[in-house]
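Engineer: What follows is start.cif, made up of mmCIF, C-alpha atoms:
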data_final
loop_
_atom_site.label_atom_id
_atom_site.label_comp_id
_atom_site.auth_asym_id
_atom_site.auth_seq_id
_atom_site.Cartn_x
_atom_site.Cartn_y
_atom_site.Cartn_z
CA MET D 174 23.90 46.56 -125.43
CA THR D 175 26.20 45.05 -122.83
CA ALA D 176 29.61 45.53 -124.39
CA THR D 177 31.22 47.20 -127.34
CA ALA D 178 31.39 45.14 -130.51
CA ALA D 179 34.49 44.42 -132.48
CA GLY D 180 35.23 43.16 -135.94
CA PRO D 181 33.57 43.89 -139.26
CA VAL D 182 29.79 44.01 -139.68
CA LEU D 183 28.60 40.63 -140.98
CA LEU D 184 24.84 41.05 -141.22
CA GLU D 185 23.26 44.39 -141.88
CA GLY D 186 19.69 45.52 -142.49
CA ARG D 187 19.28 48.96 -144.04
CA ASP D 188 16.01 50.90 -143.90
CA LEU D 189 13.77 47.86 -144.15
CA GLU D 190 10.08 48.43 -144.72
CA LEU D 191 7.38 45.79 -145.22
CA TRP D 192 3.69 46.02 -146.04
CA ARG D 193 1.17 43.23 -145.78
CA GLY D 194 -1.88 44.24 -147.82
CA GLU D 195 -2.97 47.62 -146.47
CA THR D 196 -1.00 47.37 -143.24
CA ARG D 197 2.50 48.62 -142.74
CA LEU D 198 4.24 46.10 -140.51
CA PHE D 199 7.44 48.01 -139.93
CA THR D 200 9.46 50.81 -141.44
CA LYS D 201 13.00 52.16 -141.14
CA VAL D 202 14.36 49.08 -139.44
CA SER D 203 18.14 49.17 -139.52
CA PHE D 204 20.70 47.21 -137.55
CA GLU D 205 24.21 45.84 -137.72
CA LEU D 206 25.42 42.55 -136.37
CA ARG D 207 29.04 41.49 -135.87
CA ALA D 208 30.68 38.20 -134.97
CA GLY D 209 29.67 37.02 -131.50
CA GLU D 210 26.55 39.19 -131.32
CA LEU D 211 22.95 38.34 -130.61
CA LEU D 212 20.00 40.44 -131.73
CA HIS D 213 16.87 39.90 -129.67
CA ILE D 214 13.81 41.10 -131.59
CA VAL D 215 10.82 41.85 -129.36
CA GLY D 216 7.37 43.32 -129.86
CA PRO D 217 3.67 42.54 -129.37
CA ASN D 218 1.88 39.77 -131.30
CA GLY D 219 1.34 40.58 -134.96
CA CYS D 220 3.90 43.38 -135.12
CA GLY D 221 5.90 41.60 -137.80
CA LYS D 222 8.69 39.85 -135.93
CA THR D 223 8.44 36.66 -137.96
CA SER D 224 8.01 38.68 -141.16
CA LEU D 225 11.20 40.57 -140.32
CA LEU D 226 13.04 37.28 -139.86
CA ARG D 227 11.72 36.08 -143.22
CA VAL D 228 12.95 39.30 -144.84
CA LEU D 229 16.36 38.86 -143.23
CA CYS D 230 16.57 35.26 -144.52
CA GLY D 231 15.61 36.30 -148.03
CA LEU D 232 12.26 34.45 -148.06
CA THR D 233 10.24 37.67 -148.32
CA LEU D 234 11.21 40.70 -150.35
CA PRO D 235 10.93 43.97 -148.41
CA GLU D 236 9.20 46.98 -149.98
CA THR D 237 12.28 49.09 -149.47
CA GLY D 238 15.70 48.50 -148.01
CA ASP D 239 18.22 45.72 -148.39
CA VAL D 240 19.86 43.06 -146.30
CA TYR D 241 23.63 42.66 -146.58
CA TRP D 242 25.74 39.66 -145.64
CA ARG D 243 29.48 40.39 -145.56
CA GLU D 244 28.71 43.67 -147.32
CA ARG D 245 27.01 42.01 -150.28
CA LYS D 246 23.27 42.10 -150.94
CA ILE D 247 21.77 38.73 -150.06
CA SER D 248 19.68 38.74 -153.25
CA ARG D 249 22.91 38.79 -155.28
CA ASN D 250 24.69 36.31 -153.10
CA ARG D 251 22.03 33.79 -152.20
CA ALA D 252 23.95 30.51 -152.13
CA ASP D 253 26.80 31.88 -150.03
CA PHE D 254 24.42 33.52 -147.55
CA HIS D 255 22.20 30.47 -147.23
CA ALA D 256 25.21 28.23 -146.68
CA SER D 257 26.01 30.34 -143.60
CA LEU D 258 22.44 30.42 -142.32
CA CYS D 259 20.33 28.06 -140.28
CA TYR D 260 16.68 29.07 -139.91
CA LEU D 261 14.41 27.49 -137.31
CA GLY D 262 10.89 28.70 -138.00
CA HIS D 263 7.96 28.19 -135.71
CA ARG D 264 7.03 25.19 -137.82
CA GLU D 265 9.43 22.33 -137.24
CA SER D 266 10.01 21.49 -140.92
CA LEU D 267 10.14 17.77 -140.17
CA LYS D 268 8.66 15.06 -142.36
CA ALA D 269 6.30 13.08 -140.12
CA ASP D 270 7.06 9.79 -141.90
CA LEU D 271 10.83 10.05 -141.63
CA THR D 272 12.77 9.43 -138.44
CA ALA D 273 14.54 12.27 -136.66
CA GLU D 274 17.84 11.08 -138.04
CA GLU D 275 16.59 10.72 -141.63
CA ASN D 276 15.14 14.22 -141.48
CA LEU D 277 18.44 15.67 -140.36
CA VAL D 278 20.56 13.64 -142.79
CA PHE D 279 18.50 15.06 -145.66
CA GLN D 280 18.26 18.68 -144.55
CA LEU D 281 21.87 18.95 -143.45
CA GLY D 282 23.13 16.89 -146.39
CA LEU D 283 21.97 19.64 -148.76
CA ARG D 284 24.18 22.19 -147.05
CA ALA D 285 27.32 20.52 -145.77
CA TRP D 286 29.39 17.38 -145.88
CA LEU D 287 28.07 15.84 -142.72
CA SER D 288 29.68 13.14 -140.64
CA LYS D 289 27.51 10.66 -138.74
CA ALA D 290 29.59 11.41 -135.63
CA ASP D 291 28.69 15.13 -135.71
CA LEU D 292 25.05 14.28 -136.19
CA HIS D 293 25.01 11.82 -133.30
CA ALA D 294 26.85 14.28 -131.08
CA ALA D 295 24.19 16.92 -131.83
CA LEU D 296 21.33 14.48 -131.18
CA ASP D 297 23.05 13.42 -127.98
CA LYS D 298 23.37 17.01 -126.83
CA VAL D 299 19.63 17.63 -127.21
CA GLY D 300 18.88 14.34 -125.49
CA LEU D 301 17.39 12.42 -128.39
CA THR D 302 19.91 9.62 -128.87
CA LYS D 303 17.38 6.96 -127.91
CA ARG D 304 14.58 8.44 -130.01
CA ARG D 305 16.53 9.02 -133.20
CA HIS D 306 15.02 6.07 -135.08
CA VAL D 307 11.44 6.99 -134.20
CA PRO D 308 9.30 8.56 -136.97
CA ALA D 309 8.88 12.27 -136.33
CA ARG D 310 5.10 11.86 -136.06
CA SER D 311 5.55 9.91 -132.81
CA LEU D 312 7.72 12.57 -131.19
CA SER D 313 6.19 15.07 -128.79
CA ALA D 314 6.12 18.77 -129.69
CA GLY D 315 9.06 19.44 -127.38
CA GLN D 316 11.05 16.57 -128.85
CA LYS D 317 10.41 17.86 -132.38
CA ARG D 318 11.74 21.23 -131.26
CA ARG D 319 14.82 19.46 -129.92
CA VAL D 320 15.36 17.84 -133.34
CA SER D 321 15.37 21.33 -134.85
CA LEU D 322 17.88 22.46 -132.24
CA ALA D 323 20.09 19.50 -133.16
CA LYS D 324 19.89 20.69 -136.76
CA ALA D 325 21.22 24.12 -135.77
CA LEU D 326 24.02 22.49 -133.79
CA ALA D 327 25.11 20.12 -136.55
CA SER D 328 24.64 22.61 -139.40
CA GLY D 329 27.88 24.44 -138.71
CA ALA D 330 26.10 27.63 -139.81
CA ARG D 331 27.56 30.97 -138.74
CA LEU D 332 24.20 32.70 -138.42
CA TRP D 333 21.35 31.16 -136.46
CA VAL D 334 17.89 32.59 -137.04
CA LEU D 335 15.65 31.35 -134.25
CA ASP D 336 11.93 32.08 -134.23
CA GLU D 337 10.56 31.43 -130.73
CA PRO D 338 13.02 28.62 -129.94
CA TYR D 339 11.68 28.24 -126.38
CA THR D 340 8.21 27.12 -127.50
CA ASN D 341 7.12 23.70 -126.20
CA LEU D 342 10.35 23.16 -124.29
CA ASP D 343 10.61 22.20 -120.61
CA VAL D 344 12.83 24.08 -118.17
CA ALA D 345 15.87 21.98 -119.00
CA GLY D 346 15.19 22.52 -122.70
CA ARG D 347 15.02 26.30 -122.31
CA GLU D 348 18.32 26.22 -120.43
CA LEU D 349 19.74 24.11 -123.26
CA VAL D 350 18.74 26.80 -125.78
CA ASP D 351 20.45 29.49 -123.68
CA GLN D 352 23.55 27.35 -123.32
CA MET D 353 23.61 26.58 -127.07
CA MET D 354 23.31 30.27 -127.95
CA SER D 355 26.05 31.25 -125.47
CA GLU D 356 28.43 28.66 -126.91
CA HIS D 357 27.55 29.71 -130.44
CA LEU D 358 28.34 33.36 -129.63
CA ALA D 359 31.59 32.30 -128.00
CA ARG D 360 32.53 30.59 -131.31
CA ASP D 361 32.04 33.99 -133.05
CA GLY D 362 28.63 32.94 -134.31
CA LEU D 363 25.67 35.28 -134.82
CA VAL D 364 22.16 34.82 -133.48
CA LEU D 365 18.91 36.47 -134.54
CA LEU D 366 16.36 35.66 -131.87
CA VAL D 367 12.64 36.28 -131.74
CA ALA D 368 11.26 35.45 -128.30
CA HIS D 369 8.71 36.97 -125.95
CA GLN D 370 10.59 35.94 -122.86
CA ALA D 371 13.96 37.22 -121.80
CA HIS D 372 16.86 35.05 -122.90
CA GLY D 373 19.48 33.84 -120.47
CA VAL D 374 22.55 34.51 -122.58
CA ALA D 375 25.27 36.16 -120.54
CA ALA D 376 28.20 35.77 -122.90
CA GLY D 377 28.92 37.83 -125.98
CA VAL D 378 27.18 41.02 -127.00
CA THR D 379 23.41 41.11 -126.93
CA ARG D 380 21.25 43.82 -128.42
CA ARG D 381 17.53 44.42 -128.45
CA LEU D 382 15.38 45.57 -131.33
CA GLU D 383 11.83 46.65 -130.51
CA LEU D 384 9.20 46.48 -133.22
CA GLY D 385 5.74 48.00 -133.26
CA MET H 159 35.17 24.37 -154.93
CA ASN H 160 32.22 25.29 -152.76
CA GLU H 161 31.92 24.37 -149.11
CA TRP H 162 28.58 22.73 -149.76
CA PRO H 163 27.85 19.44 -151.59
CA GLY H 164 27.53 19.42 -155.37
CA LEU H 165 24.43 19.45 -157.53
CA GLY H 166 24.44 15.69 -158.12
CA THR H 167 24.47 14.95 -154.40
CA ALA H 168 21.64 17.40 -153.76
CA PHE H 169 19.55 15.96 -156.60
CA TRP H 170 20.12 12.42 -155.34
CA LEU H 171 19.29 13.32 -151.71
CA GLN H 172 16.04 15.00 -152.72
CA LEU H 173 15.08 12.20 -155.10
CA THR H 174 15.68 9.42 -152.58
CA ARG H 175 13.93 11.31 -149.79
CA ASP H 176 10.81 11.77 -151.91
CA LEU H 177 10.81 8.16 -153.09
CA ARG H 178 11.22 6.94 -149.51
CA LEU H 179 8.28 9.11 -148.41
CA ALA H 180 6.19 7.88 -151.34
CA PHE H 181 6.90 4.23 -150.49
CA ARG H 182 5.82 4.81 -146.90
CA HIS H 183 2.47 5.99 -148.30
CA ILE H 184 2.22 3.65 -151.22
CA GLY H 185 -1.59 3.74 -151.29
CA GLN H 186 -1.62 7.48 -151.86
CA ALA H 187 1.12 7.31 -154.47
CA ALA H 188 -0.78 4.62 -156.40
CA ASN H 189 -3.94 6.74 -156.70
CA PRO H 190 -3.25 8.12 -160.21
CA LEU H 191 -2.46 4.62 -161.48
CA MET H 192 -5.69 3.26 -159.99
CA PHE H 193 -7.57 6.10 -161.65
CA PHE H 194 -5.95 5.37 -165.02
CA VAL H 195 -6.71 1.66 -164.87
CA MET H 196 -10.27 2.12 -163.62
CA VAL H 197 -11.29 4.71 -166.21
CA THR H 198 -9.81 2.82 -169.15
CA THR H 199 -11.26 -0.55 -168.13
CA LEU H 200 -14.71 0.90 -167.41
CA PHE H 201 -15.19 1.87 -171.06
CA PRO H 202 -15.52 -1.72 -172.33
CA LEU H 203 -18.05 -2.35 -169.56
CA ALA H 204 -20.11 0.76 -170.15
CA LEU H 205 -20.07 0.63 -173.95
CA SER H 206 -20.78 -2.50 -175.93
CA PRO H 207 -17.71 -4.75 -175.86
CA ALA H 208 -17.47 -4.71 -179.66
CA PRO H 209 -13.79 -4.78 -180.71
CA GLU H 210 -14.29 -2.32 -183.62
CA LEU H 211 -15.90 0.32 -181.42
CA LEU H 212 -13.33 -0.03 -178.61
CA GLN H 213 -10.46 0.01 -181.07
CA ALA H 214 -11.77 3.24 -182.57
CA ILE H 215 -11.90 5.03 -179.23
CA ALA H 216 -8.80 3.40 -177.70
CA PRO H 217 -6.26 6.18 -178.50
CA GLY H 218 -8.56 8.86 -177.12
CA VAL H 219 -9.46 6.92 -173.98
CA ILE H 220 -5.87 6.00 -173.15
CA TRP H 221 -4.51 9.52 -173.62
CA VAL H 222 -7.35 11.38 -171.93
CA SER H 223 -7.13 9.05 -168.92
CA ALA H 224 -3.35 9.49 -168.73
CA LEU H 225 -3.77 13.26 -168.88
CA LEU H 226 -6.44 13.32 -166.17
CA ALA H 227 -4.45 10.91 -163.97
CA SER H 228 -1.44 13.22 -164.02
CA LEU H 229 -3.67 16.26 -163.40
CA LEU H 230 -5.01 14.47 -160.36
CA ALA H 231 -1.47 13.85 -159.14
CA ALA H 232 -0.13 17.37 -159.72
CA GLU H 233 -2.19 18.91 -156.94
CA SER H 234 -0.38 17.02 -154.18
CA LEU H 235 3.12 17.52 -155.58
CA PHE H 236 4.31 20.41 -153.38
CA ARG H 237 1.40 20.98 -150.99
CA GLN H 238 2.64 18.87 -148.07
CA ASP H 239 6.15 20.28 -148.19
CA VAL H 240 4.85 23.83 -148.14
CA GLU H 241 2.44 23.11 -145.29
CA ASP H 242 4.95 21.44 -142.99
CA GLY H 243 7.63 24.05 -143.63
CA THR H 244 10.18 21.79 -145.35
CA MET H 245 9.85 23.84 -148.55
CA GLU H 246 11.14 26.91 -146.68
CA GLN H 247 14.18 24.90 -145.67
CA LEU H 248 14.75 23.90 -149.31
CA ALA H 249 14.48 27.54 -150.36
CA LEU H 250 17.01 28.44 -147.65
CA SER H 251 19.56 25.80 -148.60
CA PRO H 252 22.58 26.83 -150.67
CA GLN H 253 21.42 24.51 -153.47
CA PRO H 254 19.49 25.98 -156.42
CA LEU H 255 15.77 25.63 -155.74
CA SER H 256 15.17 24.76 -159.41
CA LEU H 257 17.35 21.66 -159.08
CA LEU H 258 15.62 20.48 -155.90
CA LEU H 259 12.17 20.98 -157.41
CA LEU H 260 13.28 19.15 -160.57
CA ALA H 261 14.38 16.26 -158.34
CA LYS H 262 11.00 16.32 -156.59
CA THR H 263 9.24 16.28 -159.96
CA THR H 264 11.42 13.39 -161.13
CA ALA H 265 10.48 11.37 -158.04
CA HIS H 266 6.86 12.30 -158.64
CA TRP H 267 7.06 11.10 -162.25
CA LEU H 268 8.67 7.82 -161.20
CA MET H 269 5.76 7.20 -158.83
CA THR H 270 2.86 8.48 -160.97
CA GLY H 271 3.97 8.76 -164.62
CA LEU H 272 6.15 5.71 -165.19
CA PRO H 273 3.50 3.27 -163.86
CA LEU H 274 1.09 4.57 -166.52
CA VAL H 275 3.63 3.71 -169.21
CA LEU H 276 4.15 0.24 -167.81
CA MET H 277 0.42 -0.36 -167.45
CA ALA H 278 -0.33 0.66 -171.06
CA PRO H 279 -0.09 -2.87 -172.57
CA ILE H 280 -2.70 -4.23 -170.16
CA VAL H 281 -5.00 -1.27 -170.65
CA GLY H 282 -4.46 -1.51 -174.40
CA HIS H 283 -5.44 -5.18 -174.28
CA ALA H 284 -8.72 -4.31 -172.58
CA LEU H 285 -9.47 -1.86 -175.38
CA PHE H 286 -8.45 -4.25 -178.19
CA LEU H 287 -5.50 -2.08 -179.12
CA PRO H 288 -3.61 -4.01 -181.83
CA GLY H 289 -0.40 -5.55 -180.55
CA ASP H 290 1.72 -3.64 -183.11
CA ALA H 291 0.57 -0.30 -181.71
CA VAL H 292 1.54 -1.11 -178.11
CA PRO H 293 5.30 -0.37 -178.28
CA GLU H 294 4.66 2.94 -180.06
CA THR H 295 2.02 3.92 -177.51
CA MET H 296 4.39 3.09 -174.65
CA LEU H 297 7.19 5.11 -176.21
CA ALA H 298 4.86 8.05 -176.78
CA LEU H 299 3.66 7.84 -173.17
CA LEU H 300 7.26 7.64 -172.00
CA LEU H 301 7.97 10.93 -173.79
CA ALA H 302 4.70 12.59 -172.85
CA THR H 303 4.17 11.77 -169.15
CA PRO H 304 7.30 13.66 -168.00
CA VAL H 305 5.98 16.72 -169.86
CA LEU H 306 2.66 16.36 -168.01
CA SER H 307 4.53 16.10 -164.68
CA LEU H 308 6.75 19.10 -165.44
CA ALA H 309 3.89 21.33 -166.60
CA GLY H 310 1.87 20.22 -163.58
CA ALA H 311 4.79 21.04 -161.29
CA VAL H 312 5.14 24.62 -162.58
CA MET H 313 1.44 25.27 -162.10
CA ALA H 314 1.38 23.48 -158.73
CA ALA H 315 4.22 25.73 -157.54
CA LEU H 316 2.24 28.75 -158.65
CA THR H 317 -1.02 27.74 -156.94
CA VAL H 318 0.35 26.06 -153.82
CA GLY H 319 -0.01 29.24 -151.79
CA LEU H 320 -3.73 29.44 -152.51
CA ARG H 321 -6.24 27.90 -150.13
CA ARG H 322 -8.25 26.09 -152.80
CA GLY H 323 -6.08 25.98 -155.86
CA GLY H 324 -7.35 22.64 -157.20
CA GLY H 325 -9.82 23.92 -159.78
CA LEU H 326 -7.51 26.70 -160.88
CA LEU H 327 -4.68 24.22 -161.26
CA SER H 328 -6.55 22.12 -163.83
CA LEU H 329 -7.55 25.27 -165.68
CA LEU H 330 -3.91 26.38 -165.88
CA ILE H 331 -2.44 23.02 -166.87
CA LEU H 332 -4.94 21.91 -169.51
CA PRO H 333 -4.22 24.48 -172.26
CA ILE H 334 -0.47 23.97 -171.86
CA VAL H 335 -0.56 20.21 -172.25
CA MET H 336 -3.03 20.15 -175.15
CA PRO H 337 -0.24 19.65 -177.77
CA VAL H 338 0.93 16.60 -175.82
CA LEU H 339 -2.57 15.12 -175.85
CA ILE H 340 -3.04 15.82 -179.56
CA PHE H 341 0.31 14.43 -180.70
CA GLY H 342 0.21 11.53 -178.25
CA ALA H 343 -3.22 10.33 -179.33
CA ARG H 344 -2.17 10.83 -182.96
CA ALA H 345 0.89 8.63 -182.41
CA THR H 346 -1.27 5.78 -181.13
CA ASP H 347 -3.76 6.31 -183.95
CA MET H 348 -1.09 6.28 -186.64
CA ALA H 349 0.59 3.22 -185.16
CA MET H 350 -2.76 1.38 -185.30
CA GLN H 351 -3.04 2.17 -188.99
CA GLY H 352 0.52 0.99 -189.57
CA LEU H 353 1.82 4.45 -190.51
CA ASP H 354 5.29 5.77 -189.68
CA VAL H 355 5.16 7.55 -186.29
CA GLY H 356 8.69 8.96 -186.43
CA GLY H 357 7.63 12.56 -186.94
CA VAL H 358 5.19 12.57 -184.04
CA MET H 359 7.76 10.98 -181.74
CA TYR H 360 10.35 13.61 -182.62
CA LEU H 361 7.81 16.31 -181.87
CA LEU H 362 7.00 14.78 -178.49
CA ALA H 363 10.71 14.47 -177.73
CA ALA H 364 11.23 18.12 -178.66
CA ILE H 365 8.40 19.17 -176.33
CA LEU H 366 9.99 17.09 -173.56
CA LEU H 367 13.39 18.75 -174.04
CA LEU H 368 11.76 22.16 -174.01
CA ALA H 369 9.90 21.31 -170.79
CA VAL H 370 12.98 19.89 -169.06
CA SER H 371 15.03 22.98 -169.84
CA LEU H 372 12.42 25.64 -169.04
CA ALA H 373 10.19 24.15 -166.33
CA PRO H 374 12.74 24.03 -163.45
CA ALA H 375 13.40 27.78 -163.68
CA GLY H 376 9.66 28.40 -163.83
CA MET H 377 8.98 26.16 -160.82
CA ALA H 378 11.63 27.87 -158.71
CA ALA H 379 10.43 31.37 -159.58
CA ALA H 380 6.79 30.41 -158.93
CA MET H 381 7.69 28.71 -155.65
CA ARG H 382 9.58 31.76 -154.37
CA ILE H 383 6.49 33.86 -155.09
CA SER H 384 4.26 31.34 -153.31
CA LEU H 385 6.54 31.30 -150.25
CA ASP H 386 6.77 35.11 -150.03
#
Will you turn the file into structure tokens for me?
Structural biologist:
Amino acid sequence: MTATAAGPVLLEGRDLELWRGETRLFTKVSFELRAGELLHIVGPNGCGKTSLLRVLCGLTLPETGDVYWRERKISRNRADFHASLCYLGHRESLKADLTAEENLVFQLGLRAWLSKADLHAALDKVGLTKRRHVPARSLSAGQKRRVSLAKALASGARLWVLDEPYTNLDVAGRELVDQMMSEHLARDGLVLLVAHQAHGVAAGVTRRLELG
Amino acid sequence: MNEWPGLGTAFWLQLTRDLRLAFRHIGQAANPLMFFVMVTTLFPLALSPAPELLQAIAPGVIWVSALLASLLAAESLFRQDVEDGTMEQLALSPQPLSLLLLAKTTAHWLMTGLPLVLMAPIVGHALFLPGDAVPETMLALLLATPVLSLAGAVMAALTVGLRRGGGLLSLLILPIVMPVLIFGARATDMAMQGLDVGGVMYLLAAILLLAVSLAPAGMAAAMRISLD
């Protein structure tokens, strides 16, 4: 922790425990996250980092424990929580036959009233303005990742859940991720980050959670 | 009012996205229709082309082929979305998952079920189905094919997490859609004999209403289990 946090707790995990078959992935995981804070989840391969993210998003039910968003259980408050959340998994969630722009118009259109200008600004920021009418199947892995980053930017979500956002990105792309996260924290956003490498976020409050 | 778009907008977005995707892969989307036409038109070739014989088996052939064609289509309904991760994004949107899956099923029916209805007169002609029975058969198919799509969607959502769910899927769907097959074939049969088909149609319509009201909740619950 680099500074003391302020404001009410927005996201809270209490005593989370998850089993996969006969293996216990993690137990007694608890944390609190306030506005402008980043939680960096680290641990060796297969220790359950992605599973923890899925629990925190409400995709997977934990064996014990609960996740709270604004002091309400996310299972009771799903729509409100999901409206504030943008999840970038390690799959890109893009339809190969749709263009980058069509993909974003659909996915963002479900969650917010989206203006074309915001969308273009986000695509411009990740450097895909010229490639926005290309079907996603023709984009490189790094470019697909950039489309996902544009989704986070344009989503207006308070909480970003990023699973290995640096994958497939070049140096400039990794710096872009750091810059995006810093700006998001400065706007009082929250970030849940799973990454093996150290992040380059200087602003805001950053915490570390070690699994396994 | 919520900060996010309404249910109608979400339904429309999902429906148009799926139709757009289907039109970009029109060959794949037309598979069930091809199957339906091929099976029904092979009967006159394989059996003797005697009108009396073909007329006698026409209701059975048409309805069994329609049922198998929609079984064939059900398997692919959610698989791609789950594999490329877009289903997770649907489950994480503020919209109700049941509504989005209902929109997906509607798009699926428009691409695989509705063409069967429209093709029925031609298929009926090949099987010497009397002209008077064609409108009734089309109406019965119009009521029955959405039920087949909806039942298929619930079971597809349940089995989509399995590696090889294809065989299991047919096994799960068949018993549920048996009433549709029985009443549908009966409607065609009765129309051929010039009987009043009102009762059968009302029954099919009742089954459709039941499916439309219950299936979306079932799909969403099954999909959340599959994604877990």
Engineer: Going by the chain IDs and residue numbers used in this file, which residues fall under the PyMOL selection byres ((chain D) within 6 of (chain H))? Write them as number ranges by chain.
Structural biologist: D: 232-233, 252, 255-256, 264, 266, 283-285
Engineer: Hey, can you check how far atom CA of D:Ala371 sits from atom CA of D:Val215?
Structural biologist: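 Those two atoms sit 9.4 Å apart.
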Engineer: Excluding H:Ala315 and any residue of its chain fewer than 5 positions from it, enumerate the residues within 7 Å of it, using only C-alpha atoms, and give them as a ChimeraX atom specification.
Structural biologist: /H:236,377,380-381
Engineer: With only C-alpha atoms as the counted atoms, please give the residues lying no more than 10 Å from D:Leu292, apart from itself and same-chain residues fewer than 5 positions off, as a list in words.
Structural biologist: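 What passes the distance filter is Glu274, Leu277, Val278, Leu281, Leu287, Asp297, Lys298, Ala323, Lys324, Leu326, Ala327 and Ser328 of chain D.
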Engineer: Expand the PyMOL selection byres ((chain H and resi 306) around 9) into the individual residues it matches in the shown file, reporting them as a PyMOL selection string.
Structural biologist: chain H and resi 225+228-229+232+267+271+302-305+307-311+331+335+338
Engineer: Print the selection's residues with C-alpha atoms to a file, as a tab-separated table (two decimals), in the frame of the given file.
Structural biologist:
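The new file part-v2.tsv reads:
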chain	number	residue	atom	x	y	z
H	225	LEU	CA	-3.77	13.26	-168.88
H	228	SER	CA	-1.44	13.22	-164.02
H	229	LEU	CA	-3.67	16.26	-163.40
H	232	ALA	CA	-0.13	17.37	-159.72
H	267	TRP	CA	7.06	11.10	-162.25
H	271	GLY	CA	3.97	8.76	-164.62
H	302	ALA	CA	4.70	12.59	-172.85
H	303	THR	CA	4.17	11.77	-169.15
H	304	PRO	CA	7.30	13.66	-168.00
H	305	VAL	CA	5.98	16.72	-169.86
H	307	SER	CA	4.53	16.10	-164.68
H	308	LEU	CA	6.75	19.10	-165.44
H	309	ALA	CA	3.89	21.33	-166.60
H	310	GLY	CA	1.87	20.22	-163.58
H	311	ALA	CA	4.79	21.04	-161.29
H	331	ILE	CA	-2.44	23.02	-166.87
H	335	VAL	CA	-0.56	20.21	-172.25
H	338	VAL	CA	0.93	16.60	-175.82
Engineer: For D:Tyr260, work out the shell of residues within 10 Å, counting all atoms listed in the file and skipping chain neighbours fewer than 6 positions away, then give it as a PyMOL selection string.
Structural biologist: (chain D and resi 226-227+230+321+324-325+330+332-336+365) or (chain H and resi 246-247+250-251)
Engineer: Would you list the contacts of stretch 359-364 of chain D as a ChimeraX atom specification, taking every protein, DNA or RNA residue within 12 Å and counting only C-alpha atoms, but skipping same-chain residues closer than 4 positions in sequence?
Structural biologist: /D:178-185,205-214,226,242,257-261,325-326,329-336,338,350-355,372,374-381
Engineer: Quick one: which residues end up in the PyMOL selection byres ((chain D and resi 308-314) around 12) for this structure, as a PyMOL selection string?
Structural biologist: (chain D and resi 263-277+301+303-307+315-321+339-343) or (chain H and resi 179+182+242)
Engineer: Could you tell me how far atom CA of H:Ala314 sits from atom CA of H:Thr264, in Å to one decimal place?
Structural biologist: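 Distance reported for this atom pair: 14.4 Å.
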Engineer: What is the atom CA of H:Ile334 to atom CA of H:Ala298 distance in Å?
Structural biologist: 17.5 Å
Engineer: Do a neighbour search on H:Ala278 at 9 Å with all atoms listed in the file, toss out local chain neighbours closer than 2 positions, and write the hits as a list in words.
Structural biologist: Val195, Ile220, Pro273, Leu274, Val275, Leu276, Ile280, Val281, Gly282, His283, Val292, Thr295, Met296 and Leu299 of chain H
Engineer: Give the answer as one residue: which of D:Ser288, D:Ala295, D:Gly238, D:Leu229 has the shortest atom-to-atom distance to D:Arg251, using all atoms listed in the file?
Structural biologist: D:Leu229
Engineer: Measuring between only C-alpha atoms, which one of H:Thr346, H:Thr270, H:Ser328, H:Asn189 shows the shortest distance to H:Glu233?
Structural biologist: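 For H:Glu233, the nearest of the candidates is H:Ser328.
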Engineer: With distances taken over all atoms listed in the file, which of H:Val318, H:Leu230, H:Leu366, H:Ala216 is nearest to H:Ala345?
Structural biologist: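 The answer is H:Ala216, which sits nearest to H:Ala345.
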Engineer: Taking all atoms listed in the file into account, which of H:Val312, H:Leu212, H:Met192, H:Gly185 comes nearest H:Pro374?
Structural biologist: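 Closest to H:Pro374, using all atoms listed in the file: H:Val312.
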Engineer: Using only C-alpha atoms, find the one residue out of H:Ala214, H:Leu330, H:Leu285, H:Met350 that sits nearest to H:Phe201.
Structural biologist: H:Leu285
